[in-house]
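Text of the file data-v4.cif, holding mmCIF, C-alpha atoms:
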data_run
loop_
_atom_site.group_PDB
_atom_site.id
_atom_site.type_symbol
_atom_site.label_atom_id
_atom_site.label_comp_id
_atom_site.auth_asym_id
_atom_site.auth_seq_id
_atom_site.Cartn_x
_atom_site.Cartn_y
_atom_site.Cartn_z
ATOM 1 C CA MET A 285 69.411 -53.182 -19.408
ATOM 2 C CA GLU A 286 67.071 -50.212 -19.134
ATOM 3 C CA PHE A 287 65.949 -49.342 -15.628
ATOM 4 C CA THR A 288 62.235 -50.143 -15.536
ATOM 5 C CA TYR A 289 59.924 -49.268 -12.668
ATOM 6 C CA LYS A 290 56.651 -48.532 -14.455
ATOM 7 C CA GLY A 291 54.370 -51.017 -16.176
ATOM 8 C CA LEU A 292 55.662 -53.950 -14.134
ATOM 9 C CA LYS A 293 53.443 -57.034 -13.914
ATOM 10 C CA ALA A 294 52.608 -58.967 -10.764
ATOM 11 C CA GLN A 295 49.867 -60.916 -9.015
ATOM 12 C CA LEU A 296 48.117 -59.740 -5.870
ATOM 13 C CA ASN A 297 47.376 -62.864 -3.880
ATOM 14 C CA LYS A 298 44.125 -62.331 -1.972
ATOM 15 C CA HIS A 299 42.929 -64.582 0.811
ATOM 16 C CA THR A 300 39.584 -64.581 2.598
ATOM 17 C CA VAL A 301 39.776 -65.505 6.286
ATOM 18 C CA THR A 302 37.930 -68.781 6.823
ATOM 19 C CA ASP A 303 35.658 -69.773 9.707
ATOM 20 C CA GLY A 304 38.266 -72.347 10.712
ATOM 21 C CA GLU A 305 41.013 -69.724 10.957
ATOM 22 C CA LEU A 306 38.704 -67.479 12.957
ATOM 23 C CA ASP A 307 37.839 -70.323 15.354
ATOM 24 C CA LYS A 308 41.529 -71.110 15.916
ATOM 25 C CA GLN A 309 42.286 -67.476 16.743
ATOM 26 C CA ILE A 310 39.400 -67.364 19.225
ATOM 27 C CA GLN A 311 40.701 -70.554 20.843
ATOM 28 C CA ARG A 312 44.147 -68.988 21.150
ATOM 29 C CA LEU A 313 42.601 -65.958 22.868
ATOM 30 C CA GLN A 314 40.689 -68.293 25.168
ATOM 31 C CA LEU A 315 43.918 -70.043 26.203
ATOM 32 C CA GLN A 316 45.932 -66.833 26.516
ATOM 33 C CA ASN A 317 43.314 -65.059 28.658
ATOM 34 C CA PRO A 318 42.214 -67.263 31.562
ATOM 35 C CA ARG A 319 39.433 -66.033 33.802
ATOM 36 C CA ILE A 320 40.752 -65.017 37.221
ATOM 37 C CA ALA A 321 38.517 -65.487 40.264
ATOM 38 C CA VAL A 322 39.496 -64.152 43.711
ATOM 39 C CA ILE A 323 39.084 -66.771 46.447
ATOM 40 C CA THR A 324 37.967 -65.569 49.901
ATOM 41 C CA ASP A 325 36.441 -68.656 51.565
ATOM 42 C CA ARG A 326 39.403 -71.034 51.940
ATOM 43 C CA PRO A 327 43.181 -71.227 52.522
ATOM 44 C CA THR A 328 45.705 -71.555 49.725
ATOM 45 C CA GLN A 329 46.199 -74.802 47.852
ATOM 46 C CA ALA A 330 48.435 -76.093 45.064
ATOM 47 C CA GLY A 331 47.755 -74.406 41.742
ATOM 48 C CA ASP A 332 46.500 -71.171 43.291
ATOM 49 C CA GLU A 333 47.949 -67.877 42.137
ATOM 50 C CA VAL A 334 48.777 -65.691 45.141
ATOM 51 C CA VAL A 335 49.695 -62.023 45.434
ATOM 52 C CA LEU A 336 52.148 -61.545 48.292
ATOM 53 C CA ASP A 337 54.802 -59.383 49.899
ATOM 54 C CA TYR A 338 57.996 -60.946 51.182
ATOM 55 C CA ALA A 339 61.282 -59.901 52.755
ATOM 56 C CA GLY A 340 64.308 -62.216 52.935
ATOM 57 C CA PHE A 341 66.676 -62.382 55.912
ATOM 58 C CA CYS A 342 69.942 -64.266 56.315
ATOM 59 C CA ASP A 343 71.584 -64.414 59.763
ATOM 60 C CA GLY A 344 68.989 -61.876 60.884
ATOM 61 C CA VAL A 345 70.025 -59.337 58.245
ATOM 62 C CA GLN A 346 67.781 -58.429 55.323
ATOM 63 C CA PHE A 347 69.637 -59.158 52.078
ATOM 64 C CA PRO A 348 69.419 -57.231 48.777
ATOM 65 C CA GLY A 349 67.173 -58.675 46.084
ATOM 66 C CA GLY A 350 65.116 -60.711 48.537
ATOM 67 C CA THR A 351 62.251 -58.255 48.945
ATOM 68 C CA ALA A 352 59.147 -57.706 46.818
ATOM 69 C CA GLU A 353 55.655 -56.251 47.112
ATOM 70 C CA ASN A 354 52.541 -57.533 45.342
ATOM 71 C CA GLN A 355 54.541 -60.368 43.773
ATOM 72 C CA THR A 356 52.461 -62.841 41.755
ATOM 73 C CA LEU A 357 53.291 -66.527 42.278
ATOM 74 C CA VAL A 358 51.577 -69.774 41.259
ATOM 75 C CA LEU A 359 51.989 -72.277 44.089
ATOM 76 C CA GLY A 360 53.599 -75.426 42.752
ATOM 77 C CA SER A 361 55.140 -73.734 39.726
ATOM 78 C CA GLY A 362 58.688 -74.177 41.042
ATOM 79 C CA MET A 363 59.536 -70.568 40.244
ATOM 80 C CA PHE A 364 60.997 -69.922 43.715
ATOM 81 C CA ILE A 365 63.755 -71.845 45.504
ATOM 82 C CA PRO A 366 62.886 -75.356 46.744
ATOM 83 C CA GLY A 367 60.661 -75.409 49.798
ATOM 84 C CA PHE A 368 59.412 -71.832 49.487
ATOM 85 C CA GLU A 369 56.109 -72.499 47.758
ATOM 86 C CA ASP A 370 55.258 -75.564 49.830
ATOM 87 C CA GLN A 371 55.293 -73.486 53.017
ATOM 88 C CA LEU A 372 52.703 -71.115 51.568
ATOM 89 C CA LEU A 373 50.113 -73.885 51.238
ATOM 90 C CA ASP A 374 47.104 -73.959 53.581
ATOM 91 C CA LYS A 375 47.577 -70.285 54.498
ATOM 92 C CA VAL A 376 45.015 -67.459 54.630
ATOM 93 C CA CYS A 377 45.223 -63.871 53.496
ATOM 94 C CA GLU A 378 46.804 -61.135 55.638
ATOM 95 C CA GLU A 379 48.273 -63.507 58.244
ATOM 96 C CA PRO A 380 52.093 -63.319 58.544
ATOM 97 C CA VAL A 381 53.934 -66.427 57.334
ATOM 98 C CA VAL A 382 57.617 -67.167 57.963
ATOM 99 C CA VAL A 383 59.124 -69.376 55.269
ATOM 100 C CA GLU A 384 62.406 -71.072 56.163
ATOM 101 C CA VAL A 385 64.599 -72.310 53.314
ATOM 102 C CA THR A 386 68.177 -73.183 52.442
ATOM 103 C CA PHE A 387 69.607 -71.712 49.267
ATOM 104 C CA PRO A 388 71.040 -74.263 46.815
ATOM 105 C CA LYS A 389 74.834 -74.634 46.915
ATOM 106 C CA GLU A 390 74.978 -73.634 43.255
ATOM 107 C CA TYR A 391 72.805 -70.525 43.786
ATOM 108 C CA HIS A 392 73.691 -67.663 41.420
ATOM 109 C CA ALA A 393 74.432 -65.260 44.303
ATOM 110 C CA PRO A 394 77.627 -66.616 45.948
ATOM 111 C CA GLU A 395 76.992 -64.734 49.219
ATOM 112 C CA LEU A 396 73.742 -66.705 49.687
ATOM 113 C CA ALA A 397 74.701 -70.086 48.200
ATOM 114 C CA GLY A 398 74.153 -72.911 50.687
ATOM 115 C CA LYS A 399 72.939 -70.585 53.466
ATOM 116 C CA LYS A 400 69.766 -70.795 55.518
ATOM 117 C CA ALA A 401 67.318 -67.922 55.209
ATOM 118 C CA GLU A 402 63.839 -66.905 56.218
ATOM 119 C CA PHE A 403 61.280 -64.991 54.247
ATOM 120 C CA ARG A 404 58.646 -63.001 56.087
ATOM 121 C CA CYS A 405 55.589 -63.170 53.879
ATOM 122 C CA THR A 406 52.067 -61.800 53.757
ATOM 123 C CA ILE A 407 49.558 -63.127 51.237
ATOM 124 C CA HIS A 408 47.138 -60.437 50.107
ATOM 125 C CA GLU A 409 45.065 -62.318 47.566
ATOM 126 C CA ILE A 410 44.328 -65.871 46.443
ATOM 127 C CA ARG A 411 43.305 -66.370 42.835
ATOM 128 C CA VAL A 412 42.195 -69.274 40.673
ATOM 129 C CA LYS A 413 42.502 -69.305 36.881
ATOM 130 C CA THR A 414 39.754 -71.005 34.891
ATOM 131 C CA GLN A 415 38.923 -71.119 31.201
ATOM 132 C CA TYR A 416 36.253 -68.817 29.811
ATOM 133 C CA GLU A 417 33.236 -70.220 28.070
ATOM 134 C CA LEU A 418 32.918 -68.827 24.556
ATOM 135 C CA ASP A 419 29.985 -66.598 25.413
ATOM 136 C CA ASP A 420 29.029 -62.957 25.896
ATOM 137 C CA THR A 421 31.006 -62.720 29.149
ATOM 138 C CA PHE A 422 34.161 -63.764 27.279
ATOM 139 C CA ALA A 423 33.381 -61.171 24.625
ATOM 140 C CA GLN A 424 32.870 -58.418 27.209
ATOM 141 C CA GLU A 425 35.868 -59.160 29.438
ATOM 142 C CA VAL A 426 38.381 -60.193 26.777
ATOM 143 C CA GLY A 427 37.115 -58.816 23.470
ATOM 144 C CA GLY A 428 35.650 -55.528 24.671
ATOM 145 C CA CYS A 429 32.363 -56.315 22.889
ATOM 146 C CA TYR A 430 28.778 -56.696 24.104
ATOM 147 C CA THR A 431 28.133 -60.091 22.524
ATOM 148 C CA PHE A 432 30.189 -63.058 21.368
ATOM 149 C CA GLU A 433 28.878 -62.695 17.816
ATOM 150 C CA GLU A 434 29.990 -59.069 17.760
ATOM 151 C CA MET A 435 33.427 -60.163 18.954
ATOM 152 C CA ARG A 436 33.645 -62.771 16.188
ATOM 153 C CA GLU A 437 32.793 -60.234 13.507
ATOM 154 C CA GLN A 438 35.255 -57.649 14.817
ATOM 155 C CA LEU A 439 37.968 -60.275 15.050
ATOM 156 C CA ARG A 440 37.184 -61.503 11.523
ATOM 157 C CA LYS A 441 37.436 -57.924 10.244
ATOM 158 C CA SER A 442 40.754 -57.383 12.041
ATOM 159 C CA MET A 443 42.193 -60.650 10.721
ATOM 160 C CA GLN A 444 41.047 -59.811 7.186
ATOM 161 C CA GLU A 445 42.629 -56.362 7.342
ATOM 162 C CA TYR A 446 45.887 -57.912 8.553
ATOM 163 C CA THR A 447 45.788 -60.519 5.766
ATOM 164 C CA ASP A 448 45.054 -57.873 3.122
ATOM 165 C CA ASN A 449 47.880 -55.656 4.403
ATOM 166 C CA ARG A 450 50.332 -58.544 4.336
ATOM 167 C CA GLY A 451 49.318 -59.369 0.780
ATOM 168 C CA GLU A 452 49.731 -55.743 -0.306
ATOM 169 C CA MET A 453 53.130 -55.441 1.403
ATOM 170 C CA ASP A 454 54.288 -58.633 -0.290
ATOM 171 C CA LEU A 455 53.118 -57.308 -3.665
ATOM 172 C CA GLN A 456 54.917 -53.993 -3.265
ATOM 173 C CA ASP A 457 58.087 -55.741 -2.131
ATOM 174 C CA ARG A 458 58.046 -57.993 -5.214
ATOM 175 C CA LEU A 459 57.488 -55.003 -7.489
ATOM 176 C CA LEU A 460 60.406 -53.124 -5.955
ATOM 177 C CA ARG A 461 62.619 -56.181 -6.385
ATOM 178 C CA GLN A 462 61.551 -56.385 -10.042
ATOM 179 C CA ALA A 463 62.523 -52.778 -10.566
ATOM 180 C CA ALA A 464 65.810 -53.187 -8.688
ATOM 181 C CA ALA A 465 66.724 -56.167 -10.873
ATOM 182 C CA THR A 466 66.759 -53.865 -13.925
ATOM 183 C CA LEU A 467 69.009 -51.269 -12.281
ATOM 184 C CA ASP A 468 72.655 -51.317 -13.322
ATOM 185 C CA VAL A 469 74.350 -50.813 -9.963
ATOM 186 C CA GLU A 470 77.543 -52.146 -8.421
ATOM 187 C CA ILE A 471 77.422 -53.029 -4.726
ATOM 188 C CA SER A 472 80.740 -52.358 -3.019
ATOM 189 C CA LYS A 473 82.254 -55.028 -0.808
ATOM 190 C CA GLU A 474 82.350 -52.594 2.109
ATOM 191 C CA ASP A 475 78.634 -51.757 1.805
ATOM 192 C CA LEU A 476 77.776 -55.440 1.546
ATOM 193 C CA GLU A 477 79.805 -56.319 4.647
ATOM 194 C CA ASN A 478 78.166 -53.480 6.578
ATOM 195 C CA ALA A 479 74.706 -54.655 5.505
ATOM 196 C CA VAL A 480 75.441 -58.222 6.615
ATOM 197 C CA GLN A 481 76.728 -56.989 9.970
ATOM 198 C CA GLU A 482 73.590 -54.899 10.419
ATOM 199 C CA GLN A 483 71.439 -57.966 9.792
ATOM 200 C CA LEU A 484 73.321 -59.886 12.483
ATOM 201 C CA HIS A 485 72.985 -56.966 14.904
ATOM 202 C CA ASN A 486 69.231 -56.873 14.265
ATOM 203 C CA LEU A 487 69.007 -60.620 14.910
ATOM 204 C CA GLU A 488 70.943 -60.218 18.167
ATOM 205 C CA ALA A 489 68.587 -57.426 19.269
ATOM 206 C CA GLN A 490 65.519 -59.559 18.518
ATOM 207 C CA LEU A 491 66.996 -62.498 20.442
ATOM 208 C CA ALA A 492 67.896 -60.264 23.388
ATOM 209 C CA GLN A 493 64.229 -59.266 23.727
ATOM 210 C CA GLN A 494 63.492 -62.965 24.275
ATOM 211 C CA GLY A 495 66.344 -63.407 26.745
ATOM 212 C CA LEU A 496 68.488 -65.287 24.208
ATOM 213 C CA THR A 497 71.979 -64.799 22.818
ATOM 214 C CA LEU A 498 73.310 -65.398 19.325
ATOM 215 C CA GLU A 499 75.319 -68.351 20.660
ATOM 216 C CA MET A 500 72.193 -69.935 22.167
ATOM 217 C CA TYR A 501 70.339 -69.404 18.878
ATOM 218 C CA CYS A 502 73.146 -71.057 16.895
ATOM 219 C CA ASN A 503 73.162 -74.045 19.243
ATOM 220 C CA PHE A 504 69.394 -74.422 18.968
ATOM 221 C CA MET A 505 69.420 -74.119 15.171
ATOM 222 C CA GLN A 506 72.521 -76.357 14.894
ATOM 223 C CA THR A 507 74.441 -73.747 12.944
ATOM 224 C CA THR A 508 77.329 -71.332 13.478
ATOM 225 C CA GLU A 509 77.692 -67.573 13.414
ATOM 226 C CA GLU A 510 79.874 -67.918 10.316
ATOM 227 C CA ASP A 511 77.122 -69.874 8.534
ATOM 228 C CA LEU A 512 74.573 -67.223 9.571
ATOM 229 C CA ARG A 513 76.864 -64.596 8.082
ATOM 230 C CA LYS A 514 77.176 -66.514 4.805
ATOM 231 C CA ASP A 515 73.409 -67.017 4.603
ATOM 232 C CA ALA A 516 72.848 -63.282 5.157
ATOM 233 C CA TYR A 517 74.694 -62.153 2.004
ATOM 234 C CA PRO A 518 71.905 -62.684 -0.582
ATOM 235 C CA ALA A 519 69.310 -60.810 1.501
ATOM 236 C CA ALA A 520 71.801 -58.051 2.301
ATOM 237 C CA GLU A 521 72.674 -57.589 -1.372
ATOM 238 C CA ALA A 522 68.976 -57.548 -2.327
ATOM 239 C CA ALA A 523 68.298 -54.906 0.335
ATOM 240 C CA LEU A 524 71.123 -52.729 -0.982
ATOM 241 C CA ARG A 525 69.848 -53.076 -4.565
ATOM 242 C CA ASN A 526 66.369 -52.078 -3.383
ATOM 243 C CA MET A 527 67.792 -49.018 -1.628
ATOM 244 C CA ALA A 528 69.676 -48.050 -4.774
ATOM 245 C CA ALA A 529 66.483 -48.421 -6.838
ATOM 246 C CA VAL A 530 64.568 -46.236 -4.371
ATOM 247 C CA ASP A 531 67.270 -43.552 -4.551
ATOM 248 C CA LYS A 532 67.205 -43.634 -8.351
ATOM 249 C CA ILE A 533 63.412 -43.306 -8.537
ATOM 250 C CA VAL A 534 63.444 -40.469 -5.995
ATOM 251 C CA GLU A 535 65.943 -38.694 -8.263
ATOM 252 C CA LEU A 536 64.044 -39.367 -11.510
ATOM 253 C CA GLU A 537 60.643 -38.396 -10.081
ATOM 254 C CA ASN A 538 61.913 -35.482 -7.947
ATOM 255 C CA LEU A 539 60.212 -36.911 -4.860
ATOM 256 C CA THR A 540 60.461 -35.067 -1.566
ATOM 257 C CA ALA A 541 59.223 -35.472 1.994
ATOM 258 C CA THR A 542 57.408 -32.582 3.657
ATOM 259 C CA GLN A 543 57.714 -31.709 7.340
ATOM 260 C CA GLU A 544 54.110 -32.796 7.789
ATOM 261 C CA GLU A 545 54.898 -36.216 6.306
ATOM 262 C CA LEU A 546 57.962 -36.565 8.521
ATOM 263 C CA GLY A 547 55.851 -35.656 11.543
ATOM 264 C CA GLN A 548 53.255 -38.271 10.619
ATOM 265 C CA ALA A 549 55.992 -40.899 10.236
ATOM 266 C CA ILE A 550 57.388 -40.051 13.672
ATOM 267 C CA ALA A 551 53.887 -40.292 15.159
ATOM 268 C CA VAL A 552 53.586 -43.823 13.731
ATOM 269 C CA ILE A 553 56.972 -44.753 15.216
ATOM 270 C CA CYS A 554 55.829 -43.477 18.610
ATOM 271 C CA ARG A 555 52.533 -45.351 18.426
ATOM 272 C CA ASN A 556 54.156 -48.625 17.364
ATOM 273 C CA ASN A 557 56.754 -48.460 20.135
ATOM 274 C CA GLY A 558 54.555 -47.101 22.912
ATOM 275 C CA VAL A 559 56.564 -43.905 23.409
ATOM 276 C CA THR A 560 55.838 -40.196 23.182
ATOM 277 C CA VAL A 561 57.239 -37.549 20.850
ATOM 278 C CA GLU A 562 59.134 -36.167 23.846
ATOM 279 C CA ASP A 563 60.832 -39.551 24.261
ATOM 280 C CA ILE A 564 61.798 -39.550 20.581
ATOM 281 C CA LYS A 565 63.390 -36.095 20.868
ATOM 282 C CA GLU A 566 66.154 -37.596 23.004
ATOM 283 C CA LEU A 567 67.069 -39.905 20.115
ATOM 284 C CA TYR A 568 66.478 -37.427 17.317
ATOM 285 C CA ASP A 569 69.750 -36.713 15.542
ATOM 286 C CA GLU A 570 70.911 -36.439 11.956
ATOM 287 C CA GLU A 571 70.999 -40.216 11.464
ATOM 288 C CA PHE A 572 67.503 -40.649 12.898
ATOM 289 C CA GLU A 573 66.162 -37.899 10.639
ATOM 290 C CA LYS A 574 67.769 -39.559 7.601
ATOM 291 C CA ALA A 575 66.162 -42.873 8.526
ATOM 292 C CA VAL A 576 62.714 -41.266 8.839
ATOM 293 C CA MET A 577 63.243 -39.411 5.558
ATOM 294 C CA ARG A 578 64.201 -42.655 3.797
ATOM 295 C CA SER A 579 61.134 -44.391 5.233
ATOM 296 C CA VAL A 580 58.802 -41.701 3.879
ATOM 297 C CA LEU A 581 60.454 -41.609 0.447
ATOM 298 C CA THR A 582 60.495 -45.415 0.206
ATOM 299 C CA GLY A 583 56.762 -45.433 0.888
ATOM 300 C CA LYS A 584 56.214 -42.903 -1.894
ATOM 301 C CA VAL A 585 58.374 -44.893 -4.319
ATOM 302 C CA MET A 586 56.554 -48.146 -3.604
ATOM 303 C CA ALA A 587 53.168 -46.445 -4.019
ATOM 304 C CA LEU A 588 54.322 -44.979 -7.336
ATOM 305 C CA ILE A 589 55.509 -48.371 -8.612
ATOM 306 C CA ARG A 590 52.324 -50.003 -7.402
ATOM 307 C CA ASP A 591 50.044 -47.457 -9.091
ATOM 308 C CA ALA A 592 51.917 -47.789 -12.391
ATOM 309 C CA ALA A 593 51.933 -51.592 -12.373
ATOM 310 C CA ASP A 594 49.719 -54.076 -14.178
ATOM 311 C CA ILE A 595 48.223 -56.065 -11.285
ATOM 312 C CA THR A 596 46.220 -59.278 -11.554
ATOM 313 C CA GLU A 597 44.249 -60.281 -8.460
ATOM 314 C CA VAL A 598 44.344 -63.980 -7.637
#

Spell out the structure here as structure tokens.
Amino acid sequence: MEFTYKGLKAQLNKHTVTDGELDKQIQRLQLQNPRIAVITDRPTQAGDEVVLDYAGFCDGVQFPGGTAENQTLVLGSGMFIPGFEDQLLDKVCEEPVVVEVTFPKEYHAPELAGKKAEFRCTIHEIRVKTQYELDDTFAQEVGGCYTFEEMREQLRKSMQEYTDNRGEMDLQDRLLRQAAATLDVEISKEDLENAVQEQLHNLEAQLAQQGLTLEMYCNFMQTTEEDLRKDAYPAAEAALRNMAAVDKIVELENLTATQEELGQAIAVICRNNGVTVEDIKELYDEEFEKAVMRSVLTGKVMALIRDAADITEV
């Protein structure tokens, strides 16, 4: 089969954001961004969010890990050990409060398990969370806009741009897969195993960001690590074929990446990860440079395939 990467045919699926989708996104923002009012004319009560300092003592000695400043706590949430939050009810700001508790026998710190302790607390602020009305105030304090209508239009534009980008990325991915399917390439068993292992490592990293382990994920999904590994093979092989197609097109078209393009790619990496170029320098090695180079060249290859394709918009 002849390797074909020009003149490919595909559909670009376009979607216009509806009023219903826009309304749902605004409702999500409304729920995710409660309005916080500072209370100054009454003591604390259940459901209040308080900002407090506390220091924990056991047998008169302050223990490690039991001290915090400007800690946020919702009274009644059950986030602290039993009895702690109840003793902060009906209290006023800036008056010292001594909370006396007994750590559970199964407490994670063995040196404190089952022991009595006191926490010396000071509440600095009492807050109440309420839901915003969908009005200009909501737009100003949450959306960064002057009016609610302006916020709606900006949000619609942002959602449409995201939808268009997703559609374009999906199109380019399908075109690359089409091209890769025509490439006569043999994937070695070693490369395939390495690609599968990399997929599992990436999954573990994503789970770790959510405080989960691969074992917990398998239990939740009612599967096993071995089944995950088996399921990863098709995607891993497809990824390797795509990489081989990219390399072949780079060779055939004599594509290169300039220092300016590499710098722009690094700037995007920094922006997306909230780090500076100085932070990146600590990680910058030969492997990192190769990864950035591949990213730039892959982008050029996909743009080339896209420009040479016969696209029908749907």

### Query
If you count only C-alpha atoms, which residues fall within 8 Å of Ile365 (chain A), apart from same-chain ones fewer than 6 positions away, as a ChimeraX atom specification?
/A:385,387-388

Where is the centre and how long are the edges: axis-aligned box on region 336-346 of chain A, 5 Å on each side, Å to one decimal, as AutoDock Vina command-line options:
--center_x 61.9 --center_y -61.4 --center_z 54.6 --size_x 29.4 --size_y 16.0 --size_z 22.6

### Query
Pick the closest to Lys290 (chain A) from A:Thr466, A:Gln424, A:Thr351, A:Thr406: which is it, counting all atoms listed in the file?
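Comparing A:Thr466, A:Gln424, A:Thr351, A:Thr406 against Lys290 (chain A), the winner is A:Thr466.
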
### Task
Can you give me, as an MDAnalysis selection string, the residues this file yields under the PyMOL selection byres ((chain A and resi 401) around 12)?
chainID A and resid 339:347 350 365 367:368 382:388 395:400 402:404

Using only C-alpha atoms, please write the residues we just selected to a file, as a CSV table (one decimal), in the coordinates of the input.
chain,number,residue,atom,x,y,z
A,339,ALA,CA,61.3,-59.9,52.8
A,340,GLY,CA,64.3,-62.2,52.9
A,341,PHE,CA,66.7,-62.4,55.9
A,342,CYS,CA,69.9,-64.3,56.3
A,343,ASP,CA,71.6,-64.4,59.8
A,344,GLY,CA,69.0,-61.9,60.9
A,345,VAL,CA,70.0,-59.3,58.2
A,346,GLN,CA,67.8,-58.4,55.3
A,347,PHE,CA,69.6,-59.2,52.1
A,350,GLY,CA,65.1,-60.7,48.5
A,365,ILE,CA,63.8,-71.8,45.5
A,367,GLY,CA,60.7,-75.4,49.8
A,368,PHE,CA,59.4,-71.8,49.5
A,382,VAL,CA,57.6,-67.2,58.0
A,383,VAL,CA,59.1,-69.4,55.3
A,384,GLU,CA,62.4,-71.1,56.2
A,385,VAL,CA,64.6,-72.3,53.3
A,386,THR,CA,68.2,-73.2,52.4
A,387,PHE,CA,69.6,-71.7,49.3
A,388,PRO,CA,71.0,-74.3,46.8
A,395,GLU,CA,77.0,-64.7,49.2
A,396,LEU,CA,73.7,-66.7,49.7
A,397,ALA,CA,74.7,-70.1,48.2
A,398,GLY,CA,74.2,-72.9,50.7
A,399,LYS,CA,72.9,-70.6,53.5
A,400,LYS,CA,69.8,-70.8,55.5
A,402,GLU,CA,63.8,-66.9,56.2
A,403,PHE,CA,61.3,-65.0,54.2
A,404,ARG,CA,58.6,-63.0,56.1

### Task
For the file shown, report as a PyMOL selection string the outcome of the PyMOL selection byres ((chain A and resi 310) around 12) at residue level.
chain A and resi 303-309+311-317+416-419+422-423+426-427+432-433+435-440+443

Same residues, C-alpha atoms, output as a PDB file, keeping the file's coordinate frame:
ATOM      1  CA  ASP A 303      35.658 -69.773   9.707  1.00  0.00           C
ATOM      2  CA  GLY A 304      38.266 -72.347  10.712  1.00  0.00           C
ATOM      3  CA  GLU A 305      41.013 -69.724  10.957  1.00  0.00           C
ATOM      4  CA  LEU A 306      38.704 -67.479  12.957  1.00  0.00           C
ATOM      5  CA  ASP A 307      37.839 -70.323  15.354  1.00  0.00           C
ATOM      6  CA  LYS A 308      41.529 -71.110  15.916  1.00  0.00           C
ATOM      7  CA  GLN A 309      42.286 -67.476  16.743  1.00  0.00           C
ATOM      8  CA  GLN A 311      40.701 -70.554  20.843  1.00  0.00           C
ATOM      9  CA  ARG A 312      44.147 -68.988  21.150  1.00  0.00           C
ATOM     10  CA  LEU A 313      42.601 -65.958  22.868  1.00  0.00           C
ATOM     11  CA  GLN A 314      40.689 -68.293  25.168  1.00  0.00           C
ATOM     12  CA  LEU A 315      43.918 -70.043  26.203  1.00  0.00           C
ATOM     13  CA  GLN A 316      45.932 -66.833  26.516  1.00  0.00           C
ATOM     14  CA  ASN A 317      43.314 -65.059  28.658  1.00  0.00           C
ATOM     15  CA  TYR A 416      36.253 -68.817  29.811  1.00  0.00           C
ATOM     16  CA  GLU A 417      33.236 -70.220  28.070  1.00  0.00           C
ATOM     17  CA  LEU A 418      32.918 -68.827  24.556  1.00  0.00           C
ATOM     18  CA  ASP A 419      29.985 -66.598  25.413  1.00  0.00           C
ATOM     19  CA  PHE A 422      34.161 -63.764  27.279  1.00  0.00           C
ATOM     20  CA  ALA A 423      33.381 -61.171  24.625  1.00  0.00           C
ATOM     21  CA  VAL A 426      38.381 -60.193  26.777  1.00  0.00           C
ATOM     22  CA  GLY A 427      37.115 -58.816  23.470  1.00  0.00           C
ATOM     23  CA  PHE A 432      30.189 -63.058  21.368  1.00  0.00           C
ATOM     24  CA  GLU A 433      28.878 -62.695  17.816  1.00  0.00           C
ATOM     25  CA  MET A 435      33.427 -60.163  18.954  1.00  0.00           C
ATOM     26  CA  ARG A 436      33.645 -62.771  16.188  1.00  0.00           C
ATOM     27  CA  GLU A 437      32.793 -60.234  13.507  1.00  0.00           C
ATOM     28  CA  GLN A 438      35.255 -57.649  14.817  1.00  0.00           C
ATOM     29  CA  LEU A 439      37.968 -60.275  15.050  1.00  0.00           C
ATOM     30  CA  ARG A 440      37.184 -61.503  11.523  1.00  0.00           C
ATOM     31  CA  MET A 443      42.193 -60.650  10.721  1.00  0.00           C
TER      32      MET A 443
END

### Selection dump of the PyMOL selection byres ((chain A and resi 582) around 10), as JSON, numbers by chain
{"A": [460, 526, 527, 529, 530, 531, 533, 534, 539, 576, 577, 578, 579, 580, 581, 583, 584, 585, 586, 587, 588]}

### Of the listed residues A:Leu359, A:Leu476, A:Ala352, A:Ala294, that which approaches Glu521 (chain A) most closely, counting all atoms listed in the file
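Selected residue with least distance to Glu521 (chain A): A:Leu476.
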
## Note on the structure
Val322 (chain A) proximity check over A:Val381, A:Leu373, A:Val412, A:Met500, using only C-alpha atoms: winner is A:Val412

### Nearest to Leu567 (chain A) by atom-to-atom distance, counting only C-alpha atoms, from A:Ile589, A:Ile550, A:Leu512, A:Cys377
A:Ile550

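Distance-wise, CA of Arg411 (chain A) and CA of Glu425 (chain A) end up 16.9 Å apart.
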
### Task
Please measure the separation of CA of Thr596 (chain A) and CA of Gln295 (chain A), giving the value in Å to one decimal.
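We find that CA of Thr596 (chain A) and CA of Gln295 (chain A) lie 4.7 Å from each other.
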
Can you sort out region 383-388 of chain A so it carries N, CA and C atoms, written as a JSON list (two decimals), in the frame of the given file?
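The file below, out.json, is the result:
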[["chain", "number", "residue", "atom", "x", "y", "z"],
["A", 383, "VAL", "N", 58.68, -68.26, 56.10],
["A", 383, "VAL", "CA", 59.12, -69.38, 55.27],
["A", 383, "VAL", "C", 60.62, -69.57, 55.50],
["A", 384, "GLU", "N", 61.00, -70.77, 55.90],
["A", 384, "GLU", "CA", 62.41, -71.07, 56.16],
["A", 384, "GLU", "C", 62.94, -71.98, 55.06],
["A", 385, "VAL", "N", 64.03, -71.56, 54.44],
["A", 385, "VAL", "CA", 64.60, -72.31, 53.31],
["A", 385, "VAL", "C", 66.12, -72.32, 53.42],
["A", 386, "THR", "N", 66.73, -73.17, 52.61],
["A", 386, "THR", "CA", 68.18, -73.18, 52.44],
["A", 386, "THR", "C", 68.48, -72.98, 50.97],
["A", 387, "PHE", "N", 69.26, -71.98, 50.66],
["A", 387, "PHE", "CA", 69.61, -71.71, 49.27],
["A", 387, "PHE", "C", 70.45, -72.85, 48.70],
["A", 388, "PRO", "N", 70.23, -73.22, 47.45],
["A", 388, "PRO", "CA", 71.04, -74.26, 46.82],
["A", 388, "PRO", "C", 72.53, -73.89, 46.81]]
